[in-house]
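For reference, the structure is listed below as structure tokens.
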Amino acid sequence: MSNKVKALVLLVLVCLLVGVVKLYSFMDNRHAGSQPQVSSQQIQSIQHDLNQLYLNDKKDFLKADIKAEDLRQVETKVASLSAVAPEKSQMQTQLEDLKTKYEALTKLNELFDPKKPAIKGDKVATELELLESVKEDQFKEVKKAIYFKAKSLDAFEVAVNKVLDKVELGFGGVEKANSLLAEIKAIPVEDGQIGRIAKKMKELEAVLANIKDPQALADLEQEIQSYIADFLTKVQVIAKEIPGYYDLLLVAVEPSEKLTKAVQENRSLFEATSSESSTESSETQVIESHSSEASYSDPIYIPPTNPTNPTNPPSTQAPDPGTQAPDPGTSNPDPGTQAPDSTAGN
């Protein structure tokens with residue numbers, strides 16, 4: 001091949017290469033031109049919409065009336081941004097944070113009465129009332145799905161975890177409550193043990209305060225009331241033996257609100273028992289007193305004996321109270337001597 005032909009082939013190849021490069025550049029510019037241009041005003045508008053879904057500038061708690069539709073609208077706006085827009089990545093991160101928190105908030109509040117949500121805005125309920133339909137297994141699934149485990153948590157995430165932990169404690173409290181109630185029943189209801197029973201009942205009352213399962217709580221309360229009824233019956237027997245036992249009993253049961261209330265509401269039972277016991281004791285004392293007076297105060301007359309007149313035995317009849325008993329020191333006249341006739345001088 002001559003040099004002219006080689007030069008011609010080389011020139012053609014160079015021209016083809018230049019054409020390919022220009023074609024690629026043209027297609028790239030065309031593709032770039034097809035992307036929607038994002039203005040700074042549009043960026044600011046979308047960022048404003050994202051920020052409005054938070055309660056405040058801290059960007060932790062969500063606004064109180066947030067809805068799923070609010071998130072969908074903002075998500076559509078963020079998706080419309082050009083892939084090359086530098087703000088898009090940051091907005092997507094913020095959007096994911098909002099969606100995660102909204103899911104946690106929704107699932108958490110679904111466990112409670114809609115009128116008494118666990119968290120609304122930045123308000124966290126102190127008194128939590130689980131729906132009766134919520135069981136322990138269902139709660140565990142919710143906790144597993146929404147519990148925040150990151151090392152650094154914001155105020156909203158901390159609040160969600162605290163509510164979940166508190167509810168879990170309530171479910172675990174049922175087993176603890178049953179154990180304490182069994183211990184209380186094992187203590188004999190007798191004088192000297194009432195204070196011990198009251199202290200255990202106080203522990204049980206503290207556990208009951210954390211139980212959030214309505215059905216489990218109702219079952220426990222019913223069993224406790226049955227025990228208290230039996231407790232009052234047995235204590236009433238003790239009260240019959242100890243006058244004024246009501247006041248002593250009230251001091252003994254003081255640690256327990258439930259026992260104190262039961263004793264106060266049934267005060268008449270113990271006061272009646274105490275009154276009867278006091279009356280019986282008083283009547284016994286009066287009878288003994290009268291018996292004592294009869295033994296030592298009533299006069300006893302012992303007539304003198306008259307051995308010289310066996311035909312006239314001693315009288316066992318007491319003389320008239322107005323008649324004085326003869327002086328034992330004065331001798332009787334000789335029964336053989338006849339009293340002088342009152343008519344002899346006539």
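If you're wondering about the labels, chains in the structure tokens are A, B, ... by order shown, residues count from 1 in each chain, ligands from 1 in order shown.
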
Exercise. Near region 109-118 of chain A, counting only C-alpha atoms, which residues have an atom at most 12 Å away, once you skip same-chain residues fewer than 3 positions from it, shown as a ChimeraX atom specification?
Worked result: /A:64,102-106,121-136,138-143,146,156,159-164,166-167,212-214

Could the residues in this selection be written to a file with N, CA and C atoms, as a tab-separated table (two decimals), in the first residue's frame?
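What ended up in out_38.tsv:
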chain	number	residue	atom	x	y	z
A	64	ALA	N	-48.64	17.87	65.89
A	64	ALA	CA	-49.71	17.12	66.55
A	64	ALA	C	-50.72	16.53	65.58
A	102	TYR	N	-43.19	8.78	61.91
A	102	TYR	CA	-44.64	8.71	61.76
A	102	TYR	C	-45.12	7.26	61.93
A	103	GLU	N	-44.39	6.32	61.40
A	103	GLU	CA	-44.75	4.90	61.56
A	103	GLU	C	-44.71	4.49	63.04
A	104	ALA	N	-43.66	4.93	63.74
A	104	ALA	CA	-43.54	4.60	65.17
A	104	ALA	C	-44.67	5.23	65.97
A	105	LEU	N	-44.97	6.49	65.69
A	105	LEU	CA	-46.03	7.20	66.39
A	105	LEU	C	-47.38	6.53	66.15
A	106	THR	N	-47.66	6.16	64.92
A	106	THR	CA	-48.94	5.55	64.57
A	106	THR	C	-49.11	4.20	65.25
A	121	GLY	N	-47.91	15.46	69.53
A	121	GLY	CA	-47.00	16.60	69.55
A	121	GLY	C	-45.84	16.24	70.45
A	122	ASP	N	-45.53	17.09	71.42
A	122	ASP	CA	-44.48	16.76	72.39
A	122	ASP	C	-45.06	16.41	73.75
A	123	LYS	N	-46.36	16.12	73.79
A	123	LYS	CA	-47.03	15.74	75.03
A	123	LYS	C	-47.02	14.22	75.17
A	124	VAL	N	-46.42	13.74	76.25
A	124	VAL	CA	-46.34	12.30	76.50
A	124	VAL	C	-47.24	11.97	77.68
A	125	ALA	N	-48.21	11.08	77.50
A	125	ALA	CA	-49.18	10.73	78.54
A	125	ALA	C	-48.48	10.06	79.72
A	126	THR	N	-48.86	10.46	80.93
A	126	THR	CA	-48.33	9.83	82.14
A	126	THR	C	-49.20	8.66	82.57
A	127	GLU	N	-50.49	8.74	82.30
A	127	GLU	CA	-51.42	7.65	82.60
A	127	GLU	C	-51.74	6.94	81.29
A	128	LEU	N	-51.24	5.75	81.13
A	128	LEU	CA	-51.40	4.99	79.89
A	128	LEU	C	-52.51	3.95	80.04
A	129	GLU	N	-53.46	3.97	79.12
A	129	GLU	CA	-54.59	3.04	79.17
A	129	GLU	C	-54.63	2.21	77.89
A	130	LEU	N	-54.11	1.00	77.97
A	130	LEU	CA	-54.12	0.11	76.81
A	130	LEU	C	-55.54	-0.28	76.44
A	131	LEU	N	-55.77	-0.49	75.17
A	131	LEU	CA	-57.06	-1.02	74.74
A	131	LEU	C	-57.21	-2.44	75.28
A	132	GLU	N	-58.43	-2.83	75.61
A	132	GLU	CA	-58.68	-4.16	76.15
A	132	GLU	C	-58.28	-5.25	75.17
A	133	SER	N	-58.32	-4.93	73.89
A	133	SER	CA	-58.02	-5.93	72.86
A	133	SER	C	-56.52	-6.20	72.70
A	134	VAL	N	-55.69	-5.36	73.28
A	134	VAL	CA	-54.24	-5.51	73.13
A	134	VAL	C	-53.72	-6.58	74.08
A	135	LYS	N	-53.10	-7.60	73.53
A	135	LYS	CA	-52.51	-8.67	74.32
A	135	LYS	C	-50.99	-8.55	74.32
A	136	GLU	N	-50.36	-9.33	75.19
A	136	GLU	CA	-48.91	-9.21	75.36
A	136	GLU	C	-48.15	-9.56	74.08
A	138	GLN	N	-49.11	-9.23	70.98
A	138	GLN	CA	-49.26	-8.14	70.02
A	138	GLN	C	-48.36	-6.97	70.41
A	139	PHE	N	-48.29	-6.67	71.68
A	139	PHE	CA	-47.43	-5.57	72.13
A	139	PHE	C	-45.98	-5.85	71.81
A	140	LYS	N	-45.53	-7.09	72.04
A	140	LYS	CA	-44.14	-7.43	71.78
A	140	LYS	C	-43.77	-7.23	70.31
A	141	GLU	N	-44.70	-7.54	69.42
A	141	GLU	CA	-44.45	-7.35	67.99
A	141	GLU	C	-44.29	-5.86	67.66
A	142	VAL	N	-45.14	-5.04	68.27
A	142	VAL	CA	-45.06	-3.59	68.03
A	142	VAL	C	-43.73	-3.05	68.56
A	143	LYS	N	-43.37	-3.47	69.74
A	143	LYS	CA	-42.11	-2.98	70.32
A	143	LYS	C	-40.92	-3.36	69.46
A	146	ILE	N	-40.77	-0.93	66.36
A	146	ILE	CA	-40.58	0.53	66.45
A	146	ILE	C	-39.60	0.98	67.54
A	156	PHE	N	-37.93	12.70	70.78
A	156	PHE	CA	-39.07	11.89	70.35
A	156	PHE	C	-38.75	10.40	70.50
A	159	ALA	N	-38.79	9.31	74.07
A	159	ALA	CA	-40.16	9.24	74.60
A	159	ALA	C	-40.85	7.95	74.17
A	160	VAL	N	-40.70	7.57	72.91
A	160	VAL	CA	-41.31	6.33	72.41
A	160	VAL	C	-40.77	5.13	73.18
A	161	ASN	N	-39.47	5.07	73.38
A	161	ASN	CA	-38.86	3.95	74.10
A	161	ASN	C	-39.34	3.87	75.55
A	162	LYS	N	-39.49	5.02	76.19
A	162	LYS	CA	-39.95	5.04	77.58
A	162	LYS	C	-41.38	4.52	77.70
A	163	VAL	N	-42.23	4.91	76.78
A	163	VAL	CA	-43.62	4.43	76.81
A	163	VAL	C	-43.65	2.91	76.62
A	164	LEU	N	-42.88	2.42	75.69
A	164	LEU	CA	-42.83	0.98	75.43
A	164	LEU	C	-42.29	0.22	76.65
A	166	LYS	N	-42.45	1.15	79.77
A	166	LYS	CA	-43.43	1.22	80.84
A	166	LYS	C	-44.56	0.23	80.63
A	167	VAL	N	-45.02	0.12	79.40
A	167	VAL	CA	-46.08	-0.84	79.09
A	167	VAL	C	-45.59	-2.27	79.31
A	212	LYS	N	-51.04	-2.71	82.82
A	212	LYS	CA	-51.84	-2.00	81.83
A	212	LYS	C	-52.81	-2.89	81.07
A	213	ASP	N	-52.76	-4.19	81.34
A	213	ASP	CA	-53.69	-5.11	80.70
A	213	ASP	C	-55.02	-5.07	81.47
A	214	PRO	N	-56.07	-4.48	80.91
A	214	PRO	CA	-57.33	-4.30	81.64
A	214	PRO	C	-57.92	-5.61	82.16

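CA of Val189 (chain A) is found 9.3 Å from CA of Ile238 (chain A).
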
For this session: Identify all residues of region 54-116 of chain A in alpha helix (DSSP H) (DSSP on the backbone) and supply them as an NGL selection string.
Result: :A and (68-79 or 86-109)
